[in-house]
Amino acid sequence: MDYDDLPGVRIAVANGVAVATLDHPPLNLLDGVLLPSLRGFVNRVRHDTEVRVVVFDSADPEFFSAHGDMAYLTDPAALPAATAAAIAAAPDVPVADGMNILEALSDEVRSLPQVTIGKISGFARGAGNEFLMYLDMRFAAIGRSGQAQPEAVMDILPGGGGTVHMARLLGRERALELLLGGELVGAELAERYGLVNRALPADEIDAFVDRLARRIARLRPEVVAAVKTTVETITPKIPHRAYAVENAALFSLFTEDMVASAHRQLAAGVQTREGERDLERILDDL
């Protein structure tokens, strides 16, 4: 299978493991470039019988993915254009009524026959963290990773499946804490809350994830399919109506006040590397 035509993401396949490395400077934004590439890859790798496990990581040691493009909030044409490009990346895969493109991608990732693993060694906020929550497993580097859903502080909500998956992983109370508080969560708290599988020392995470991925890749595909199918009966598929409620709530917040707030955030340094290193303080000071 050829993956060389996917801008912003590099794919390397060996021993049954595909490593999908986000490489879209300066911040790996889930924008009109990276979002279509990820959707195109997901719906292509589904049919790749040489791949048993997919590991998602980042070429940027500071950022897994900063968040979605702020242009989605300030430019009325940006989100429709990114959506159209993402739909074109997998034209034979329908998007259910009431769902936006990120919510659709969530279902597409979770239904992959391969096992998906996220390796977090930098900041993952907003849509970047939402994408990680779509995966089967997540592992975070102690002292280097940070995960957050800052949308409420930014006058919107996590509308890419963030409310749905945060509640699924953490439970109602902890989900509300992180969704409304917008706190940046380090690896150890993320592990304790259930946002990641394990917090690992930064100098051990690469070897651990590599060993795990290779071990799973050696299993018969029928065994993996049987295990995933059985587990899904215990943790059933999220109903589309949950995404529809989230999507409607998201777009209800797209007001003139929200747009003005987004412009203030950009003026304060949001979506710059320096600003994203200290995003929570910037948002608190606005």
# chains A, B, ... in the order shown; residues from 1 in each chain; ligands from 1
>>> residues_around(residues="Gly186 in chain A", least_positions_apart="5", cutoff="8 Å", atoms="only C-alpha atoms", output="list in words")
Ile142, Gly143, Arg144, Ser145, Gly146 and Gln147 of chain A
>>> residues_around(residues="Asp203 in chain A", least_positions_apart="2", cutoff="12 Å", atoms="only C-alpha atoms", output="ChimeraX atom specification")
/A:121,140-144,199-201,205-209
>>> closest_residue(among="A:Asp31, A:Asp136, A:Glu204, A:Asp57", to="Ile11 in chain A", atoms="only C-alpha atoms")
A:Asp57
>>> closest_residue(among="A:Glu188, A:Ala260, A:Val109, A:Thr21", to="Ala202 in chain A", atoms="only C-alpha atoms")
A:Glu188
>>> closest_residue(among="A:Gly8, A:Pro91, A:Gly160, A:Gly182", to="Leu250 in chain A", atoms="only C-alpha atoms")
A:Gly160
>>> closest_residue(among="A:Ile216, A:Ile238, A:Val259, A:Ile101", to="Val164 in chain A", atoms="only C-alpha atoms")
A:Ile238
>>> residues_around(residues="range 23-30 of chain A", least_positions_apart="4", cutoff="8 Å", atoms="only C-alpha atoms", output="list in words")
Pro7, Gly8, Val9, Arg10, Leu34, Leu35, Ser58, Ala59, Asp60, Phe63, Phe64, Ser65, Ala66, His67, Gly68, Asp69, Ala127, Gly128, Gln271, Thr272 and Arg273 of chain A
>>> write_last_selection(atoms="C-alpha atoms", output="PDB file, in the first residue's frame")
ATOM      1  CA  PRO A   7       1.042  15.676   3.371  1.00  0.00           C
ATOM      2  CA  GLY A   8       1.746  16.288   7.032  1.00  0.00           C
ATOM      3  CA  VAL A   9       2.055  12.639   8.017  1.00  0.00           C
ATOM      4  CA  ARG A  10       4.875  10.158   7.335  1.00  0.00           C
ATOM      5  CA  LEU A  34      -3.400  17.229   8.332  1.00  0.00           C
ATOM      6  CA  LEU A  35      -7.066  16.378   8.859  1.00  0.00           C
ATOM      7  CA  SER A  58       4.971  13.113  16.323  1.00  0.00           C
ATOM      8  CA  ALA A  59       8.133  14.335  14.656  1.00  0.00           C
ATOM      9  CA  ASP A  60       7.974  17.387  16.956  1.00  0.00           C
ATOM     10  CA  PHE A  63       3.885  18.993  20.250  1.00  0.00           C
ATOM     11  CA  PHE A  64       1.917  15.900  19.357  1.00  0.00           C
ATOM     12  CA  SER A  65      -0.792  18.191  17.975  1.00  0.00           C
ATOM     13  CA  ALA A  66      -1.481  21.634  19.371  1.00  0.00           C
ATOM     14  CA  HIS A  67      -5.220  21.604  18.527  1.00  0.00           C
ATOM     15  CA  GLY A  68      -7.495  22.388  15.598  1.00  0.00           C
ATOM     16  CA  ASP A  69      -6.800  25.396  13.416  1.00  0.00           C
ATOM     17  CA  ALA A 127      -8.537  18.275  18.506  1.00  0.00           C
ATOM     18  CA  GLY A 128      -5.054  16.794  18.987  1.00  0.00           C
ATOM     19  CA  GLN A 271      -1.293  29.282  17.794  1.00  0.00           C
ATOM     20  CA  THR A 272       2.349  30.381  18.039  1.00  0.00           C
ATOM     21  CA  ARG A 273       4.980  28.020  19.408  1.00  0.00           C
TER      22      ARG A 273
END
>>> residues_around(residues="Leu286 in chain A", least_positions_apart="2", cutoff="8 Å", atoms="only C-alpha atoms", output="JSON, numbers by chain")
{"A": [264, 265, 282, 283, 284]}
>>> atom_distance(atom1="CA of Ala148 in chain A", atom2="CA of Thr83 in chain A")
23.4 Å
>>> residues_around(residues="Gly40 in chain A", least_positions_apart="2", cutoff="9 Å", atoms="only C-alpha atoms", output="ChimeraX atom specification")
/A:6,35-38,42-45,86-90
>>> write_last_selection(atoms="all heavy atoms", output="CSV table (one decimal), in the first residue's frame")
chain,number,residue,atom,x,y,z
A,6,LEU,N,0.4,11.7,1.4
A,6,LEU,CA,-0.3,12.2,2.5
A,6,LEU,C,0.5,13.3,3.2
A,6,LEU,O,1.3,13.1,4.0
A,6,LEU,CB,-0.6,11.1,3.5
A,6,LEU,CG,-1.4,9.9,3.0
A,6,LEU,CD1,-1.5,8.8,4.0
A,6,LEU,CD2,-2.9,10.4,2.6
A,35,LEU,N,-5.8,17.1,8.7
A,35,LEU,CA,-7.1,16.4,8.9
A,35,LEU,C,-7.4,15.5,7.7
A,35,LEU,O,-7.7,14.3,7.8
A,35,LEU,CB,-8.2,17.4,9.2
A,35,LEU,CG,-9.6,16.8,9.3
A,35,LEU,CD1,-9.6,15.7,10.4
A,35,LEU,CD2,-10.6,17.9,9.6
A,36,PRO,N,-7.4,16.0,6.4
A,36,PRO,CA,-7.6,15.1,5.3
A,36,PRO,C,-6.6,14.0,5.2
A,36,PRO,O,-6.9,12.8,4.8
A,36,PRO,CB,-7.5,16.0,4.1
A,36,PRO,CG,-7.8,17.4,4.6
A,36,PRO,CD,-7.3,17.4,6.0
A,37,SER,N,-5.3,14.3,5.5
A,37,SER,CA,-4.3,13.2,5.4
A,37,SER,C,-4.6,12.1,6.4
A,37,SER,O,-4.4,10.9,6.1
A,37,SER,CB,-2.9,13.8,5.6
A,37,SER,OG,-2.5,14.6,4.5
A,38,LEU,N,-4.9,12.5,7.6
A,38,LEU,CA,-5.2,11.4,8.6
A,38,LEU,C,-6.4,10.6,8.2
A,38,LEU,O,-6.4,9.4,8.4
A,38,LEU,CB,-5.4,12.1,10.0
A,38,LEU,CG,-4.2,12.6,10.7
A,38,LEU,CD1,-4.5,13.4,11.9
A,38,LEU,CD2,-3.3,11.4,11.1
A,42,VAL,N,-6.3,6.6,7.5
A,42,VAL,CA,-7.1,5.7,8.3
A,42,VAL,C,-8.0,4.8,7.3
A,42,VAL,O,-8.1,3.6,7.5
A,42,VAL,CB,-8.0,6.5,9.3
A,42,VAL,CG1,-9.1,5.6,9.8
A,42,VAL,CG2,-7.2,7.0,10.4
A,43,ASN,N,-8.6,5.4,6.3
A,43,ASN,CA,-9.4,4.6,5.5
A,43,ASN,C,-8.7,3.9,4.4
A,43,ASN,O,-9.3,3.1,3.6
A,43,ASN,CB,-10.5,5.6,4.9
A,43,ASN,CG,-11.6,5.9,6.0
A,43,ASN,OD1,-12.3,5.0,6.4
A,43,ASN,ND2,-11.6,7.1,6.4
A,44,ARG,N,-7.4,4.1,4.3
A,44,ARG,CA,-6.6,3.3,3.4
A,44,ARG,C,-5.9,2.1,4.1
A,44,ARG,O,-5.9,1.0,3.6
A,44,ARG,CB,-5.5,4.2,2.8
A,44,ARG,CG,-4.8,3.7,1.5
A,44,ARG,CD,-3.8,4.6,1.0
A,44,ARG,NE,-4.4,5.9,0.6
A,44,ARG,CZ,-3.7,7.0,0.1
A,44,ARG,NH1,-2.4,6.8,-0.1
A,44,ARG,NH2,-4.3,8.1,-0.2
A,45,VAL,N,-5.4,2.4,5.3
A,45,VAL,CA,-4.8,1.3,6.1
A,45,VAL,C,-5.7,0.3,6.5
A,45,VAL,O,-5.3,-0.9,6.7
A,45,VAL,CB,-4.0,1.9,7.3
A,45,VAL,CG1,-5.0,2.3,8.5
A,45,VAL,CG2,-2.9,1.0,7.8
A,86,ALA,N,-11.3,16.7,3.7
A,86,ALA,CA,-11.3,15.4,4.4
A,86,ALA,C,-12.3,14.4,3.8
A,86,ALA,O,-12.1,13.2,3.8
A,86,ALA,CB,-11.6,15.6,5.9
A,87,ILE,N,-13.5,14.9,3.4
A,87,ILE,CA,-14.4,14.0,2.7
A,87,ILE,C,-13.9,13.5,1.4
A,87,ILE,O,-14.0,12.3,1.1
A,87,ILE,CB,-15.8,14.8,2.5
A,87,ILE,CG1,-16.5,15.0,3.8
A,87,ILE,CG2,-16.7,14.0,1.5
A,87,ILE,CD1,-17.7,15.9,3.7
A,88,ALA,N,-13.2,14.3,0.6
A,88,ALA,CA,-12.6,13.9,-0.6
A,88,ALA,C,-11.5,12.9,-0.4
A,88,ALA,O,-11.2,12.1,-1.3
A,88,ALA,CB,-12.0,15.1,-1.4
A,89,ALA,N,-10.8,12.9,0.8
A,89,ALA,CA,-9.8,12.0,1.1
A,89,ALA,C,-10.3,10.5,1.2
A,89,ALA,O,-9.5,9.6,1.1
A,89,ALA,CB,-9.0,12.4,2.3
A,90,ALA,N,-11.6,10.4,1.5
A,90,ALA,CA,-12.2,9.0,1.6
A,90,ALA,C,-13.6,9.1,1.1
A,90,ALA,O,-14.6,9.0,1.8
A,90,ALA,CB,-12.1,8.5,3.1
>>> closest_residue(among="A:Gly98, A:Pro61, A:Gly181, A:Ala71", to="Gly122 in chain A", atoms="only C-alpha atoms")
A:Pro61
>>> closest_residue(among="A:Gly159, A:Glu173, A:Met137, A:Val231", to="Asn197 in chain A", atoms="only C-alpha atoms")
A:Met137
